[in-house]
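model_34.cif (mmCIF, C-alpha atoms)
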data_structure
loop_
_atom_site.label_atom_id
_atom_site.label_comp_id
_atom_site.auth_asym_id
_atom_site.auth_seq_id
_atom_site.Cartn_x
_atom_site.Cartn_y
_atom_site.Cartn_z
CA MET A 1 -10.11 -10.74 9.82
CA SER A 2 -12.91 -11.38 7.35
CA ASP A 3 -13.10 -10.56 3.67
CA LYS A 4 -13.62 -6.90 2.84
CA THR A 5 -14.43 -5.19 -0.44
CA PHE A 6 -12.90 -1.83 -1.31
CA ALA A 7 -13.16 0.49 -4.30
CA GLY A 8 -10.34 2.88 -5.05
CA SER A 9 -8.99 5.32 -7.58
CA CYS A 10 -6.14 7.68 -8.38
CA LEU A 11 -6.16 11.46 -7.86
CA CYS A 12 -7.34 12.27 -11.39
CA GLY A 13 -9.93 9.46 -11.41
CA SER A 14 -8.55 7.80 -14.54
CA VAL A 15 -7.51 4.57 -12.79
CA LYS A 16 -10.09 2.70 -10.73
CA TYR A 17 -10.07 -0.67 -9.02
CA GLU A 18 -12.06 -2.99 -6.82
CA ILE A 19 -10.57 -5.47 -4.42
CA THR A 20 -12.06 -8.15 -2.20
CA GLY A 21 -10.06 -10.22 0.22
CA GLU A 22 -8.94 -10.76 3.74
CA VAL A 23 -7.06 -7.88 5.33
CA VAL A 24 -3.78 -9.48 6.40
CA ARG A 25 -2.45 -6.33 8.04
CA PHE A 26 -2.70 -2.55 7.94
CA SER A 27 0.66 -0.91 8.59
CA HIS A 28 2.46 2.39 8.51
CA CYS A 29 5.74 1.51 6.77
CA HIS A 30 8.72 3.76 7.48
CA CYS A 31 11.28 2.11 5.18
CA GLN A 32 13.26 4.40 2.91
CA ARG A 33 11.66 2.97 -0.24
CA CYS A 34 8.14 3.69 0.99
CA ARG A 35 9.15 7.18 2.05
CA LYS A 36 10.67 7.87 -1.37
CA ALA A 37 7.69 6.36 -3.23
CA THR A 38 5.16 8.46 -1.31
CA GLY A 39 7.15 11.60 -0.53
CA THR A 40 5.94 11.33 3.08
CA GLY A 41 7.24 10.09 6.42
CA HIS A 42 5.60 6.70 5.94
CA ALA A 43 3.32 4.77 3.62
CA SER A 44 0.00 3.54 5.00
CA ASN A 45 -0.48 0.17 3.34
CA ILE A 46 -3.12 -2.52 3.59
CA LEU A 47 -2.08 -6.06 2.70
CA ILE A 48 -4.96 -8.02 1.13
CA SER A 49 -4.76 -11.78 0.63
CA SER A 50 -4.78 -13.25 -2.87
CA ILE A 51 -3.58 -11.42 -5.94
CA THR A 52 -6.70 -12.65 -7.76
CA SER A 53 -8.76 -10.32 -5.58
CA LEU A 54 -7.72 -7.19 -7.52
CA ALA A 55 -9.79 -6.04 -10.52
CA TRP A 56 -8.96 -2.89 -12.48
CA THR A 57 -12.29 -1.31 -13.50
CA SER A 58 -10.80 1.49 -15.62
CA GLY A 59 -7.48 2.95 -16.65
CA GLU A 60 -5.31 -0.14 -16.26
CA SER A 61 -3.35 0.90 -19.38
CA LEU A 62 -2.28 4.07 -17.52
CA LEU A 63 -0.45 2.14 -14.82
CA VAL A 64 3.31 2.50 -14.69
CA ARG A 65 5.46 0.13 -12.68
CA TYR A 66 8.93 0.93 -11.46
CA LYS A 67 10.95 -1.98 -10.08
CA VAL A 68 13.79 -1.05 -7.76
CA PRO A 69 16.70 -2.97 -9.37
CA GLU A 70 18.31 -4.21 -6.16
CA ALA A 71 15.03 -5.11 -4.43
CA ASN A 72 13.66 -8.64 -4.35
CA ARG A 73 9.98 -7.68 -4.41
CA PHE A 74 9.63 -3.90 -4.13
CA TYR A 75 8.21 -2.00 -7.03
CA ASN A 76 6.07 1.08 -7.28
CA CYS A 77 2.84 1.16 -9.25
CA PHE A 78 1.28 4.52 -10.09
CA CYS A 79 -1.01 6.39 -12.48
CA ALA A 80 0.90 7.84 -15.45
CA LYS A 81 -1.37 10.92 -15.53
CA CYS A 82 -1.35 12.07 -11.90
CA GLY A 83 1.34 9.95 -10.20
CA SER A 84 -0.94 8.54 -7.50
CA PRO A 85 0.31 5.31 -5.92
CA MET A 86 -1.90 2.37 -6.89
CA PRO A 87 -2.19 -1.20 -5.57
CA ARG A 88 0.59 -3.58 -6.46
CA GLU A 89 0.63 -7.34 -6.56
CA VAL A 90 3.25 -9.22 -4.58
CA LYS A 91 3.09 -12.56 -6.37
CA GLU A 92 5.70 -14.22 -4.16
CA LEU A 93 3.43 -13.72 -1.13
CA ASP A 94 0.07 -13.98 -2.97
CA VAL A 95 -1.04 -10.60 -1.63
CA VAL A 96 -1.92 -7.16 -2.94
CA LEU A 97 -0.40 -4.13 -1.24
CA VAL A 98 -2.98 -1.33 -1.31
CA PRO A 99 -2.02 2.27 -0.54
CA ALA A 100 -4.71 3.16 2.02
CA GLY A 101 -5.04 6.70 0.64
CA SER A 102 -6.18 5.35 -2.74
CA ILE A 103 -9.28 3.72 -1.22
CA ASP A 104 -12.50 5.64 -1.90
CA ASP A 105 -14.57 3.89 0.76
CA GLU A 106 -14.52 4.75 4.43
CA LEU A 107 -12.04 2.51 6.25
CA LEU A 108 -13.40 0.95 9.41
CA ASP A 109 -10.16 -0.79 10.34
CA LEU A 110 -7.35 1.27 11.78
CA PRO A 111 -3.62 0.75 11.25
CA GLN A 112 -2.28 -2.01 13.48
CA GLN A 113 1.43 -1.21 13.62
CA HIS A 114 4.45 0.71 12.43
CA ILE A 115 7.01 -1.34 10.50
CA PHE A 116 10.65 -0.54 9.67
CA TRP A 117 10.51 1.84 12.62
CA ASP A 118 14.29 1.89 13.07
CA SER A 119 14.72 3.46 9.61
CA ARG A 120 12.04 6.12 10.10
CA ALA A 121 12.74 9.77 9.48
CA GLN A 122 13.19 11.54 12.81
CA TRP A 123 10.62 14.18 11.81
CA SER A 124 7.97 11.56 11.09
CA CYS A 125 4.90 11.05 13.26
CA PRO A 126 5.12 9.42 16.69
CA ALA A 127 4.03 5.82 17.26
CA GLY A 128 0.72 6.91 18.74
CA GLY A 129 0.44 3.83 20.92
CA LEU A 130 0.73 1.34 18.05
CA PRO A 131 3.32 -1.46 18.25
CA VAL A 132 6.58 -0.77 16.42
CA TYR A 133 8.73 -3.31 14.58
CA SER A 134 12.27 -2.99 13.20
CA GLU A 135 11.24 -5.01 10.12
CA TYR A 136 8.23 -7.12 9.19
CA PRO A 137 6.47 -8.61 12.21
CA LYS A 138 6.53 -12.37 12.58
#
Let me see the file written as structure tokens.
Amino acid sequence: MSDKTFAGSCLCGSVKYEITGEVVRFSHCHCQRCRKATGTGHASNILISSITSLAWTSGESLLVRYKVPEANRFYNCFCAKCGSPMPREVKELDVVLVPAGSIDDELLDLPQQHIFWDSRAQWSCPAGGLPVYSEYPK
């Protein structure tokens, strides 16, 4: 995929960002951590290459990060005012994980897959014809 530029913000509009980079993948993640972090059946996340591609344009001081103690890389990043999930850097992989719902622009790319399908909540949405993976795809 080619480089894309997105603008995004939180629910209250206090935190705003811009990001430019290659879309590595767009997934619905059904792992328990993503379900807990979003309060939904899955998180819709876009992985963008290069952590240097993320620029906070306002409200960066309002970001709160919660690191799951037993996780290697998982942490949640959200607005302290409204609780909206915000992009988070994954330095070990040199990517930014962007919650698709935080993007203000119209998304032209559609999700490519469901990941951590085996741990999905039974009441969650069906696969809808997308490939499913037990963990991260190779």
For Thr52 (chain A), list every protein, DNA or RNA residue within 12 Å, evaluated using only C-alpha atoms, and leave out those in the same chain fewer than 2 positions away; present the list as a tab-separated table (two decimals) with C-alpha atoms, keeping the file's coordinate frame.
chain	number	residue	atom	x	y	z
A	18	GLU	CA	-12.06	-2.99	-6.82
A	19	ILE	CA	-10.57	-5.47	-4.42
A	20	THR	CA	-12.06	-8.15	-2.20
A	21	GLY	CA	-10.06	-10.22	0.22
A	22	GLU	CA	-8.94	-10.76	3.74
A	48	ILE	CA	-4.96	-8.02	1.13
A	49	SER	CA	-4.76	-11.78	0.63
A	50	SER	CA	-4.78	-13.25	-2.87
A	54	LEU	CA	-7.72	-7.19	-7.52
A	55	ALA	CA	-9.79	-6.04	-10.52
A	56	TRP	CA	-8.96	-2.89	-12.48
A	88	ARG	CA	0.59	-3.58	-6.46
A	89	GLU	CA	0.63	-7.34	-6.56
A	90	VAL	CA	3.25	-9.22	-4.58
A	91	LYS	CA	3.09	-12.56	-6.37
A	94	ASP	CA	0.07	-13.98	-2.97
A	95	VAL	CA	-1.04	-10.60	-1.63
A	96	VAL	CA	-1.92	-7.16	-2.94
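Considering only C-alpha atoms, the residue among A:Val98, A:Ile46, A:Ala121, A:Ala127 positioned nearest to Arg33 (chain A) is A:Ala121.
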Checklist entry - On this structure, which residues satisfy the PyMOL selection byres ((chain A and resi 108) around 12), written as a list in words? => result Lys4, Thr5, Phe6, Val23, Phe26, Ala100, Ile103, Asp105, Glu106, Leu107, Asp109, Leu110 and Pro111 of chain A
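Comparing A:Ser27, A:Ser44, A:Ser102, A:Ser61 by their smallest distance to Tyr133 (chain A), the closest is A:Ser27 (using all atoms listed in the file).
Candidate residues A:Tyr136, A:Tyr17, A:Tyr66, A:Phe78 were compared for distance to Phe116 (chain A), and the nearest is A:Tyr136, using all atoms listed in the file.
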Item to check | Selection dump of the PyMOL selection byres ((chain A and resi 34) around 10), as an NGL selection string | outcome: :A and (28-33 or 35-45 or 74-76 or 116)
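Run against this file, the PyMOL selection byres ((chain A and resi 12) around 12) gives back Gly8, Ser9, Cys10, Leu11, Gly13, Ser14, Val15, Lys16, Gly59, Leu62, Phe78, Cys79, Ala80, Lys81, Cys82, Gly83, Ser84, Pro85 and Ser102 of chain A.
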Next, dump the selected residues to file, keeping only C-alpha atoms, as a short mmCIF file (atom, residue, chain, number, x, y, z; two decimals), in the coordinates of the input.
data_model
loop_
_atom_site.label_atom_id
_atom_site.label_comp_id
_atom_site.auth_asym_id
_atom_site.auth_seq_id
_atom_site.Cartn_x
_atom_site.Cartn_y
_atom_site.Cartn_z
CA GLY A 8 -10.34 2.88 -5.05
CA SER A 9 -8.99 5.32 -7.58
CA CYS A 10 -6.14 7.68 -8.38
CA LEU A 11 -6.16 11.46 -7.86
CA GLY A 13 -9.93 9.46 -11.41
CA SER A 14 -8.55 7.80 -14.54
CA VAL A 15 -7.51 4.57 -12.79
CA LYS A 16 -10.09 2.70 -10.73
CA GLY A 59 -7.48 2.95 -16.65
CA LEU A 62 -2.28 4.07 -17.52
CA PHE A 78 1.28 4.52 -10.09
CA CYS A 79 -1.01 6.39 -12.48
CA ALA A 80 0.90 7.84 -15.45
CA LYS A 81 -1.37 10.92 -15.53
CA CYS A 82 -1.35 12.07 -11.90
CA GLY A 83 1.34 9.95 -10.20
CA SER A 84 -0.94 8.54 -7.50
CA PRO A 85 0.31 5.31 -5.92
CA SER A 102 -6.18 5.35 -2.74
#
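For the atom pair formed by CA of Leu93 (chain A) and CA of Asn72 (chain A), the distance is 11.9 Å, given to one decimal.
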Checklist entry - So which one's closest to Lys138 (chain A), A:Arg25, A:Leu63, A:Glu70, A:Ser58? Using only C-alpha atoms, please. => result A:Arg25
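Taking CA of Ser134 (chain A) and CA of Ile115 (chain A) as endpoints, the distance between them is 6.1 Å.
You will find CA of Val68 (chain A) at 24.5 Å from CA of Ser53 (chain A).
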Checklist entry - For Ala7 (chain A), which residue out of A:Ala71, A:Met86, A:Cys125, A:Cys77 is the nearest one, using all atoms listed in the file? => result A:Met86
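Between Asp118 (chain A) and the residues A:Asp104, A:Glu135, A:Pro69, A:Pro87, the shortest atom-to-atom distance, using only C-alpha atoms, involves A:Glu135.
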Extending 4 Å beyond the listed atoms of region 3-17 of chain A on each side, what axis-aligned box results? I want centre and edge lengths in Å to one decimal, as AutoDock Vina command-line options.
--center_x -10.3 --center_y 0.9 --center_z -5.4 --size_x 16.3 --size_y 30.8 --size_z 26.2
